[in-house]
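Have a look at structure31.txt; it's compact mmCIF, N, CA and C atoms:
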# COMPACT_ATOMS: atom_id res chain seq x y z
N ILE E 1 -162.48 75.67 -26.15
CA ILE E 1 -163.05 75.68 -24.82
C ILE E 1 -163.94 74.46 -24.64
N GLY E 2 -164.72 74.16 -25.68
CA GLY E 2 -165.59 72.98 -25.62
C GLY E 2 -164.79 71.70 -25.45
N PHE E 3 -163.68 71.59 -26.19
CA PHE E 3 -162.83 70.41 -26.07
C PHE E 3 -162.30 70.28 -24.64
N LEU E 4 -161.79 71.36 -24.09
CA LEU E 4 -161.26 71.34 -22.73
C LEU E 4 -162.34 70.93 -21.73
N TRP E 5 -163.54 71.49 -21.89
CA TRP E 5 -164.64 71.16 -20.98
C TRP E 5 -165.01 69.68 -21.07
N ARG E 6 -165.07 69.15 -22.28
CA ARG E 6 -165.39 67.72 -22.43
C ARG E 6 -164.31 66.85 -21.78
N GLU E 7 -163.06 67.24 -21.92
CA GLU E 7 -161.98 66.48 -21.29
C GLU E 7 -162.10 66.52 -19.76
N ILE E 8 -162.43 67.67 -19.21
CA ILE E 8 -162.64 67.79 -17.76
C ILE E 8 -163.74 66.85 -17.31
N GLN E 9 -164.80 66.75 -18.09
CA GLN E 9 -165.93 65.90 -17.73
C GLN E 9 -165.61 64.42 -17.81
N ARG E 10 -164.54 64.06 -18.50
CA ARG E 10 -164.11 62.65 -18.60
C ARG E 10 -163.30 62.20 -17.38
N ILE E 11 -162.86 63.14 -16.56
CA ILE E 11 -162.06 62.82 -15.38
C ILE E 11 -163.02 62.71 -14.20
N PRO E 12 -163.22 61.51 -13.67
CA PRO E 12 -164.23 61.33 -12.62
C PRO E 12 -164.08 62.27 -11.43
N GLU E 13 -162.85 62.55 -11.02
CA GLU E 13 -162.64 63.43 -9.87
C GLU E 13 -162.99 64.89 -10.16
N MET E 14 -163.09 65.26 -11.44
CA MET E 14 -163.39 66.64 -11.82
C MET E 14 -164.81 66.82 -12.36
N ALA E 15 -165.35 65.78 -12.96
CA ALA E 15 -166.66 65.87 -13.59
C ALA E 15 -167.73 66.28 -12.57
N GLY E 16 -168.48 67.28 -12.91
CA GLY E 16 -169.55 67.75 -12.03
C GLY E 16 -169.08 68.51 -10.81
N LYS E 17 -167.76 68.72 -10.68
CA LYS E 17 -167.21 69.41 -9.51
C LYS E 17 -166.33 70.59 -9.91
N THR E 18 -166.20 70.85 -11.19
CA THR E 18 -165.27 71.85 -11.69
C THR E 18 -166.03 72.99 -12.35
N THR E 19 -165.58 74.20 -12.10
CA THR E 19 -166.10 75.38 -12.79
C THR E 19 -165.00 75.91 -13.70
N LEU E 20 -165.34 76.17 -14.94
CA LEU E 20 -164.41 76.72 -15.91
C LEU E 20 -164.80 78.17 -16.15
N ILE E 21 -163.85 79.08 -16.01
CA ILE E 21 -164.09 80.51 -16.25
C ILE E 21 -163.16 80.94 -17.37
N VAL E 22 -163.71 81.55 -18.41
CA VAL E 22 -162.93 82.06 -19.53
C VAL E 22 -163.19 83.56 -19.62
N MET E 23 -162.09 84.32 -19.59
CA MET E 23 -162.22 85.78 -19.66
C MET E 23 -160.92 86.34 -20.21
N PRO E 24 -160.99 87.31 -21.12
CA PRO E 24 -159.75 87.95 -21.57
C PRO E 24 -159.16 88.78 -20.43
N GLU E 25 -157.88 89.08 -20.52
CA GLU E 25 -157.25 89.81 -19.42
C GLU E 25 -157.69 91.27 -19.37
N HIS E 26 -158.18 91.81 -20.45
CA HIS E 26 -158.65 93.19 -20.45
C HIS E 26 -159.45 93.47 -21.71
N GLY E 27 -160.21 94.54 -21.67
CA GLY E 27 -160.95 94.98 -22.84
C GLY E 27 -160.09 95.91 -23.67
N ARG E 28 -160.74 96.83 -24.37
CA ARG E 28 -159.97 97.78 -25.15
C ARG E 28 -160.57 99.17 -24.99
N ASP E 29 -159.72 100.17 -25.20
CA ASP E 29 -160.17 101.54 -25.02
C ASP E 29 -161.35 101.86 -25.95
N LEU E 30 -162.12 102.84 -25.55
CA LEU E 30 -163.31 103.21 -26.29
C LEU E 30 -162.99 103.77 -27.67
N ASP E 31 -161.94 104.55 -27.76
CA ASP E 31 -161.57 105.19 -29.03
C ASP E 31 -160.29 104.58 -29.59
N PRO E 32 -160.19 104.48 -30.92
CA PRO E 32 -158.97 103.93 -31.51
C PRO E 32 -157.79 104.89 -31.34
N ASN E 33 -156.59 104.34 -31.46
CA ASN E 33 -155.41 105.20 -31.49
C ASN E 33 -155.13 105.56 -32.95
N PRO E 34 -154.17 106.40 -33.25
CA PRO E 34 -153.94 106.83 -34.65
C PRO E 34 -153.16 105.82 -35.50
N ILE E 35 -152.81 104.67 -34.96
CA ILE E 35 -152.03 103.68 -35.72
C ILE E 35 -152.97 102.89 -36.63
N GLN E 36 -152.61 102.82 -37.90
CA GLN E 36 -153.40 102.05 -38.85
C GLN E 36 -152.61 100.83 -39.31
N ASP E 37 -153.33 99.70 -39.48
CA ASP E 37 -152.66 98.50 -39.97
C ASP E 37 -152.61 98.53 -41.49
N GLU E 38 -152.16 97.45 -42.11
CA GLU E 38 -152.01 97.42 -43.57
C GLU E 38 -153.34 97.51 -44.31
N ASN E 39 -154.46 97.31 -43.59
CA ASN E 39 -155.78 97.45 -44.21
C ASN E 39 -156.41 98.80 -43.91
N ASP E 40 -155.60 99.71 -43.34
CA ASP E 40 -156.05 101.06 -42.95
C ASP E 40 -157.09 101.03 -41.84
N TRP E 41 -157.08 100.00 -41.01
CA TRP E 41 -157.94 99.94 -39.84
C TRP E 41 -157.18 100.51 -38.66
N TYR E 42 -157.88 101.26 -37.85
CA TYR E 42 -157.25 101.82 -36.66
C TYR E 42 -157.16 100.78 -35.55
N ALA E 43 -156.10 100.89 -34.77
CA ALA E 43 -155.88 99.96 -33.67
C ALA E 43 -156.53 100.50 -32.39
N TYR E 44 -156.80 99.61 -31.48
CA TYR E 44 -157.34 99.98 -30.18
C TYR E 44 -156.31 99.64 -29.11
N ASP E 45 -156.14 100.55 -28.18
CA ASP E 45 -155.24 100.29 -27.07
C ASP E 45 -155.94 99.44 -26.02
N HIS E 46 -155.15 98.91 -25.14
CA HIS E 46 -155.64 98.13 -24.01
C HIS E 46 -155.03 98.72 -22.75
N SER E 47 -155.07 100.02 -22.66
CA SER E 47 -154.33 100.71 -21.61
C SER E 47 -155.07 100.81 -20.28
N GLY E 48 -156.36 100.61 -20.31
CA GLY E 48 -157.12 100.76 -19.08
C GLY E 48 -157.39 102.22 -18.74
N ASN E 49 -157.25 103.08 -19.76
CA ASN E 49 -157.44 104.51 -19.52
C ASN E 49 -158.89 104.95 -19.51
N ASN E 50 -159.80 104.05 -19.83
CA ASN E 50 -161.22 104.42 -19.73
C ASN E 50 -162.03 103.19 -19.34
N GLU E 51 -163.26 103.45 -18.97
CA GLU E 51 -164.12 102.40 -18.44
C GLU E 51 -164.31 101.24 -19.42
N ASN E 52 -164.34 101.53 -20.70
CA ASN E 52 -164.58 100.48 -21.69
C ASN E 52 -163.48 99.41 -21.66
N SER E 53 -162.25 99.80 -21.34
CA SER E 53 -161.16 98.82 -21.33
C SER E 53 -161.29 97.83 -20.18
N ARG E 54 -162.15 98.11 -19.23
CA ARG E 54 -162.36 97.20 -18.09
C ARG E 54 -163.57 96.31 -18.29
N ARG E 55 -164.42 96.63 -19.25
CA ARG E 55 -165.61 95.80 -19.50
C ARG E 55 -165.22 94.68 -20.46
N ILE E 56 -165.36 93.45 -20.00
CA ILE E 56 -164.96 92.31 -20.80
C ILE E 56 -166.00 91.20 -20.66
N PHE E 57 -166.02 90.32 -21.63
CA PHE E 57 -166.96 89.21 -21.54
C PHE E 57 -166.39 88.14 -20.60
N THR E 58 -167.26 87.34 -20.07
CA THR E 58 -166.85 86.20 -19.26
C THR E 58 -167.76 85.03 -19.61
N LEU E 59 -167.15 83.88 -19.79
CA LEU E 59 -167.89 82.65 -20.02
C LEU E 59 -167.64 81.77 -18.80
N MET E 60 -168.70 81.25 -18.22
CA MET E 60 -168.57 80.35 -17.08
C MET E 60 -169.44 79.12 -17.31
N VAL E 61 -168.92 77.98 -16.90
CA VAL E 61 -169.67 76.73 -16.98
C VAL E 61 -169.29 75.87 -15.79
N GLY E 62 -170.26 75.21 -15.23
CA GLY E 62 -169.99 74.34 -14.09
C GLY E 62 -171.22 74.20 -13.21
N PRO E 63 -171.06 73.52 -12.09
CA PRO E 63 -172.19 73.31 -11.18
C PRO E 63 -172.77 74.63 -10.69
N GLY E 64 -174.09 74.73 -10.71
CA GLY E 64 -174.75 75.93 -10.22
C GLY E 64 -174.81 77.08 -11.20
N ILE E 65 -174.30 76.89 -12.41
CA ILE E 65 -174.35 77.94 -13.43
C ILE E 65 -175.32 77.49 -14.50
N ASP E 66 -176.37 78.29 -14.70
CA ASP E 66 -177.41 77.93 -15.66
C ASP E 66 -176.86 77.90 -17.08
N ALA E 67 -177.07 76.78 -17.78
CA ALA E 67 -176.66 76.67 -19.18
C ALA E 67 -177.47 77.65 -20.02
N GLY E 68 -176.82 78.35 -20.91
CA GLY E 68 -177.49 79.27 -21.81
C GLY E 68 -177.81 80.63 -21.20
N LEU E 69 -177.46 80.85 -19.95
CA LEU E 69 -177.72 82.13 -19.32
C LEU E 69 -176.87 83.21 -19.96
N LYS E 70 -177.48 84.32 -20.31
CA LYS E 70 -176.76 85.46 -20.87
C LYS E 70 -177.18 86.69 -20.09
N VAL E 71 -176.21 87.39 -19.55
CA VAL E 71 -176.48 88.60 -18.77
C VAL E 71 -175.76 89.75 -19.44
N GLY E 72 -176.45 90.83 -19.69
CA GLY E 72 -175.82 91.99 -20.32
C GLY E 72 -175.61 91.79 -21.80
N GLY E 73 -174.98 92.76 -22.42
CA GLY E 73 -174.70 92.73 -23.84
C GLY E 73 -174.00 94.01 -24.24
N GLU E 74 -173.82 94.20 -25.52
CA GLU E 74 -173.08 95.37 -26.01
C GLU E 74 -173.71 96.68 -25.55
N GLY E 75 -175.02 96.76 -25.58
CA GLY E 75 -175.70 97.98 -25.16
C GLY E 75 -175.97 98.06 -23.67
N ASN E 76 -175.75 96.96 -22.96
CA ASN E 76 -176.00 96.89 -21.53
C ASN E 76 -174.89 96.08 -20.86
N PRO E 77 -173.68 96.65 -20.79
CA PRO E 77 -172.57 95.88 -20.22
C PRO E 77 -172.76 95.60 -18.74
N VAL E 78 -172.42 94.39 -18.36
CA VAL E 78 -172.50 93.96 -16.97
C VAL E 78 -171.15 93.34 -16.61
N GLY E 79 -170.61 93.72 -15.50
CA GLY E 79 -169.36 93.13 -15.07
C GLY E 79 -168.15 93.96 -15.43
N ASP E 80 -167.04 93.60 -14.83
CA ASP E 80 -165.81 94.36 -14.93
C ASP E 80 -164.64 93.39 -14.76
N ALA E 81 -163.51 93.73 -15.29
CA ALA E 81 -162.33 92.87 -15.16
C ALA E 81 -162.02 92.60 -13.69
N ALA E 82 -162.30 93.55 -12.82
CA ALA E 82 -162.00 93.39 -11.39
C ALA E 82 -162.92 92.39 -10.72
N ASP E 83 -163.97 91.94 -11.39
CA ASP E 83 -164.92 90.99 -10.80
C ASP E 83 -164.36 89.57 -10.70
N ILE E 84 -163.27 89.27 -11.37
CA ILE E 84 -162.78 87.89 -11.39
C ILE E 84 -162.32 87.43 -10.01
N VAL E 85 -161.66 88.29 -9.25
CA VAL E 85 -161.17 87.87 -7.93
C VAL E 85 -162.33 87.55 -6.98
N PRO E 86 -163.32 88.44 -6.82
CA PRO E 86 -164.42 88.05 -5.93
C PRO E 86 -165.23 86.86 -6.46
N THR E 87 -165.25 86.66 -7.77
CA THR E 87 -165.96 85.51 -8.33
C THR E 87 -165.27 84.21 -7.94
N ILE E 88 -163.95 84.16 -8.08
CA ILE E 88 -163.21 82.97 -7.70
C ILE E 88 -163.28 82.76 -6.18
N ALA E 89 -163.19 83.85 -5.43
CA ALA E 89 -163.31 83.74 -3.97
C ALA E 89 -164.68 83.20 -3.59
N ASP E 90 -165.71 83.61 -4.32
CA ASP E 90 -167.07 83.11 -4.08
C ASP E 90 -167.13 81.60 -4.31
N LEU E 91 -166.51 81.13 -5.39
CA LEU E 91 -166.49 79.69 -5.68
C LEU E 91 -165.81 78.90 -4.56
N PHE E 92 -164.77 79.48 -3.97
CA PHE E 92 -164.05 78.81 -2.89
C PHE E 92 -164.69 79.02 -1.52
N GLY E 93 -165.76 79.82 -1.48
CA GLY E 93 -166.45 80.05 -0.22
C GLY E 93 -165.75 81.04 0.70
N ILE E 94 -164.89 81.89 0.14
CA ILE E 94 -164.14 82.86 0.96
C ILE E 94 -164.35 84.30 0.47
N LYS E 95 -165.49 84.54 -0.17
CA LYS E 95 -165.74 85.86 -0.73
C LYS E 95 -165.66 86.96 0.32
N ASP E 96 -166.29 86.77 1.48
CA ASP E 96 -166.28 87.81 2.52
C ASP E 96 -164.88 88.03 3.08
N ILE E 97 -164.12 86.97 3.23
CA ILE E 97 -162.74 87.11 3.73
C ILE E 97 -161.92 87.95 2.77
N VAL E 98 -162.03 87.65 1.48
CA VAL E 98 -161.28 88.41 0.47
C VAL E 98 -161.76 89.85 0.43
N ALA E 99 -163.07 90.06 0.44
CA ALA E 99 -163.61 91.43 0.38
C ALA E 99 -163.17 92.25 1.59
N ASN E 100 -163.07 91.63 2.74
CA ASN E 100 -162.71 92.36 3.96
C ASN E 100 -161.23 92.71 4.06
N GLN E 101 -160.43 92.27 3.11
CA GLN E 101 -159.00 92.61 3.12
C GLN E 101 -158.76 94.05 2.66
N GLY E 102 -159.76 94.65 1.99
CA GLY E 102 -159.64 96.04 1.56
C GLY E 102 -158.76 96.22 0.34
N LEU E 103 -158.51 95.18 -0.41
CA LEU E 103 -157.62 95.28 -1.56
C LEU E 103 -158.34 95.23 -2.91
N LEU E 104 -159.65 95.05 -2.89
CA LEU E 104 -160.42 94.97 -4.13
C LEU E 104 -160.86 96.35 -4.59
N ASP E 105 -161.07 96.48 -5.88
CA ASP E 105 -161.69 97.68 -6.43
C ASP E 105 -163.04 97.83 -5.72
N PRO E 106 -163.40 99.03 -5.30
CA PRO E 106 -164.66 99.19 -4.55
C PRO E 106 -165.91 98.76 -5.33
N ASN E 107 -165.82 98.73 -6.66
CA ASN E 107 -166.97 98.33 -7.48
C ASN E 107 -166.96 96.85 -7.84
N ALA E 108 -165.90 96.12 -7.48
CA ALA E 108 -165.80 94.70 -7.83
C ALA E 108 -166.83 93.89 -7.06
N ARG E 109 -167.48 92.99 -7.78
CA ARG E 109 -168.47 92.10 -7.18
C ARG E 109 -168.32 90.72 -7.81
N SER E 110 -168.70 89.72 -7.09
CA SER E 110 -168.74 88.38 -7.66
C SER E 110 -169.74 88.39 -8.82
N LEU E 111 -169.38 87.74 -9.90
CA LEU E 111 -170.32 87.66 -11.01
C LEU E 111 -171.58 86.91 -10.61
N PHE E 112 -171.49 86.04 -9.61
CA PHE E 112 -172.69 85.35 -9.13
C PHE E 112 -173.65 86.36 -8.49
N ASP E 113 -173.14 87.44 -7.93
CA ASP E 113 -174.00 88.48 -7.39
C ASP E 113 -174.61 89.35 -8.49
N ARG E 114 -173.96 89.39 -9.64
CA ARG E 114 -174.44 90.19 -10.77
C ARG E 114 -175.47 89.44 -11.61
N ILE E 115 -175.53 88.13 -11.47
CA ILE E 115 -176.45 87.33 -12.29
C ILE E 115 -177.88 87.54 -11.81
Please go through the file and, once you have read it, give me the structure as structure tokens.
Amino acid sequence: IGFLWREIQRIPEMAGKTTLIVMPEHGRDLDPNPIQDENDWYAYDHSGNNENSRRIFTLMVGPGIDAGLKVGGEGNPVGDAADIVPTIADLFGIKDIVANQGLLDPNARSLFDRI
């Protein structure tokens, strides 16, 4: 990620004007499933069957994002997988237009609103 960010900063048209967002596509279920690997560790599903599978980390860097800012943690999760769409819409200045379409999860919010 650091390499990619440094390369972006070397491109004059992108440097200081680009926001990079890194987020996994989903979390994992709260409880393991009964499948064990060769080390006898239980596997976790990514089915979205419980709230924990929607809580995921997000890394953001770019203009207007404080370096070193950390919000939430393991004991205090903040954000949801559904927050990515309103976050990107916020960056493009169309957050209200997207929200008014009625297609977002009712709990989805721009991560900028959660900071």
Quick one, how far is atom N of Ile94 of chain E from atom C of Thr58 of chain E?
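Atom N of Ile94 of chain E sits 20.2 Å away from atom C of Thr58 of chain E.
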Compare E:Thr19, E:Leu104, E:Glu13, E:Leu4 by their minimum atom-to-atom distance to Val61 of chain E, counting only C-alpha atoms, and give me the closest one.
E:Thr19
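The coordinates place atom C of Gly2 of chain E at 23.5 Å from atom CA of Ile115 of chain E.
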Which protein, DNA or RNA residues have an atom at most 7 Å from (-162.1, 87.1, -24.0), counting only C-alpha atoms? List them as a short mmCIF file (atom, residue, chain, number, x, y, z; two decimals) with N, CA and C atoms, in the coordinates of the input.
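out_2.cif was written with the following content:
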data_model
loop_
_atom_site.label_atom_id
_atom_site.label_comp_id
_atom_site.auth_asym_id
_atom_site.auth_seq_id
_atom_site.Cartn_x
_atom_site.Cartn_y
_atom_site.Cartn_z
N VAL E 22 -163.71 81.55 -18.41
CA VAL E 22 -162.93 82.06 -19.53
C VAL E 22 -163.19 83.56 -19.62
N MET E 23 -162.09 84.32 -19.59
CA MET E 23 -162.22 85.78 -19.66
C MET E 23 -160.92 86.34 -20.21
N PRO E 24 -160.99 87.31 -21.12
CA PRO E 24 -159.75 87.95 -21.57
C PRO E 24 -159.16 88.78 -20.43
N ILE E 56 -165.36 93.45 -20.00
CA ILE E 56 -164.96 92.31 -20.80
C ILE E 56 -166.00 91.20 -20.66
N PHE E 57 -166.02 90.32 -21.63
CA PHE E 57 -166.96 89.21 -21.54
C PHE E 57 -166.39 88.14 -20.60
N THR E 58 -167.26 87.34 -20.07
CA THR E 58 -166.85 86.20 -19.26
C THR E 58 -167.76 85.03 -19.61
#
Have a look at atom N of Asp83 of chain E and atom N of Arg109 of chain E and let me know their distance in Å, one decimal.
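Taking atom N of Asp83 of chain E and atom N of Arg109 of chain E, their separation equals 5.1 Å.
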Starting from the point (-174.5, 67.3, -10.3), work out which residues of protein, DNA or RNA have an atom no more than 7 Å away when counting all atoms listed in the file; state them as a list in words.
Gly16, Lys17 and Pro63 of chain E
Selected residue, from E:Pro86, E:Arg55, E:Asn39, E:Asp113, that lies nearest to Val98 of chain E when counting only N, CA and C atoms:
E:Pro86
Could you pull out the alpha helix (DSSP H) residues of segment 3-37 of chain E from DSSP and send them as a list in words?
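Of segment 3-37 of chain E, the ones in alpha helix (DSSP H) are Phe3, Leu4, Trp5, Arg6, Glu7, Ile8 and Gln9 of chain E.
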Expected file contents, prior selection, N, CA and C atoms, as a PDB file, in the coordinates of the input:
ATOM      1  N   PHE E   3    -163.680  71.590 -26.190  1.00  0.00           N
ATOM      2  CA  PHE E   3    -162.830  70.410 -26.070  1.00  0.00           C
ATOM      3  C   PHE E   3    -162.300  70.280 -24.640  1.00  0.00           C
ATOM      4  N   LEU E   4    -161.790  71.360 -24.090  1.00  0.00           N
ATOM      5  CA  LEU E   4    -161.260  71.340 -22.730  1.00  0.00           C
ATOM      6  C   LEU E   4    -162.340  70.930 -21.730  1.00  0.00           C
ATOM      7  N   TRP E   5    -163.540  71.490 -21.890  1.00  0.00           N
ATOM      8  CA  TRP E   5    -164.640  71.160 -20.980  1.00  0.00           C
ATOM      9  C   TRP E   5    -165.010  69.680 -21.070  1.00  0.00           C
ATOM     10  N   ARG E   6    -165.070  69.150 -22.280  1.00  0.00           N
ATOM     11  CA  ARG E   6    -165.390  67.720 -22.430  1.00  0.00           C
ATOM     12  C   ARG E   6    -164.310  66.850 -21.780  1.00  0.00           C
ATOM     13  N   GLU E   7    -163.060  67.240 -21.920  1.00  0.00           N
ATOM     14  CA  GLU E   7    -161.980  66.480 -21.290  1.00  0.00           C
ATOM     15  C   GLU E   7    -162.100  66.520 -19.760  1.00  0.00           C
ATOM     16  N   ILE E   8    -162.430  67.670 -19.210  1.00  0.00           N
ATOM     17  CA  ILE E   8    -162.640  67.790 -17.760  1.00  0.00           C
ATOM     18  C   ILE E   8    -163.740  66.850 -17.310  1.00  0.00           C
ATOM     19  N   GLN E   9    -164.800  66.750 -18.090  1.00  0.00           N
ATOM     20  CA  GLN E   9    -165.930  65.900 -17.730  1.00  0.00           C
ATOM     21  C   GLN E   9    -165.610  64.420 -17.810  1.00  0.00           C
TER      22      GLN E   9
END
Could you list, as a PDB file with N, CA and C atoms, keeping the file's coordinate frame, every residue within 9 Å of Phe112 of chain E, counting only C-alpha atoms and ignoring same-chain residues fewer than 5 positions away?
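Once everything was written out, this is part39.pdb:
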ATOM      1  N   ILE E  65    -174.300  76.890 -12.410  1.00  0.00           N
ATOM      2  CA  ILE E  65    -174.350  77.940 -13.430  1.00  0.00           C
ATOM      3  C   ILE E  65    -175.320  77.490 -14.500  1.00  0.00           C
ATOM      4  N   THR E  87    -165.250  86.660  -7.770  1.00  0.00           N
ATOM      5  CA  THR E  87    -165.960  85.510  -8.330  1.00  0.00           C
ATOM      6  C   THR E  87    -165.270  84.210  -7.940  1.00  0.00           C
ATOM      7  N   ASP E  90    -165.710  83.610  -4.320  1.00  0.00           N
ATOM      8  CA  ASP E  90    -167.070  83.110  -4.080  1.00  0.00           C
ATOM      9  C   ASP E  90    -167.130  81.600  -4.310  1.00  0.00           C
TER      10      ASP E  90
END
Step one, run DSSP on the backbone; step two, keep only residues of chain E assigned to strand (DSSP E or B); then write them as number ranges by chain.
E: 20-22, 32-36, 42-44, 59-61, 73, 76
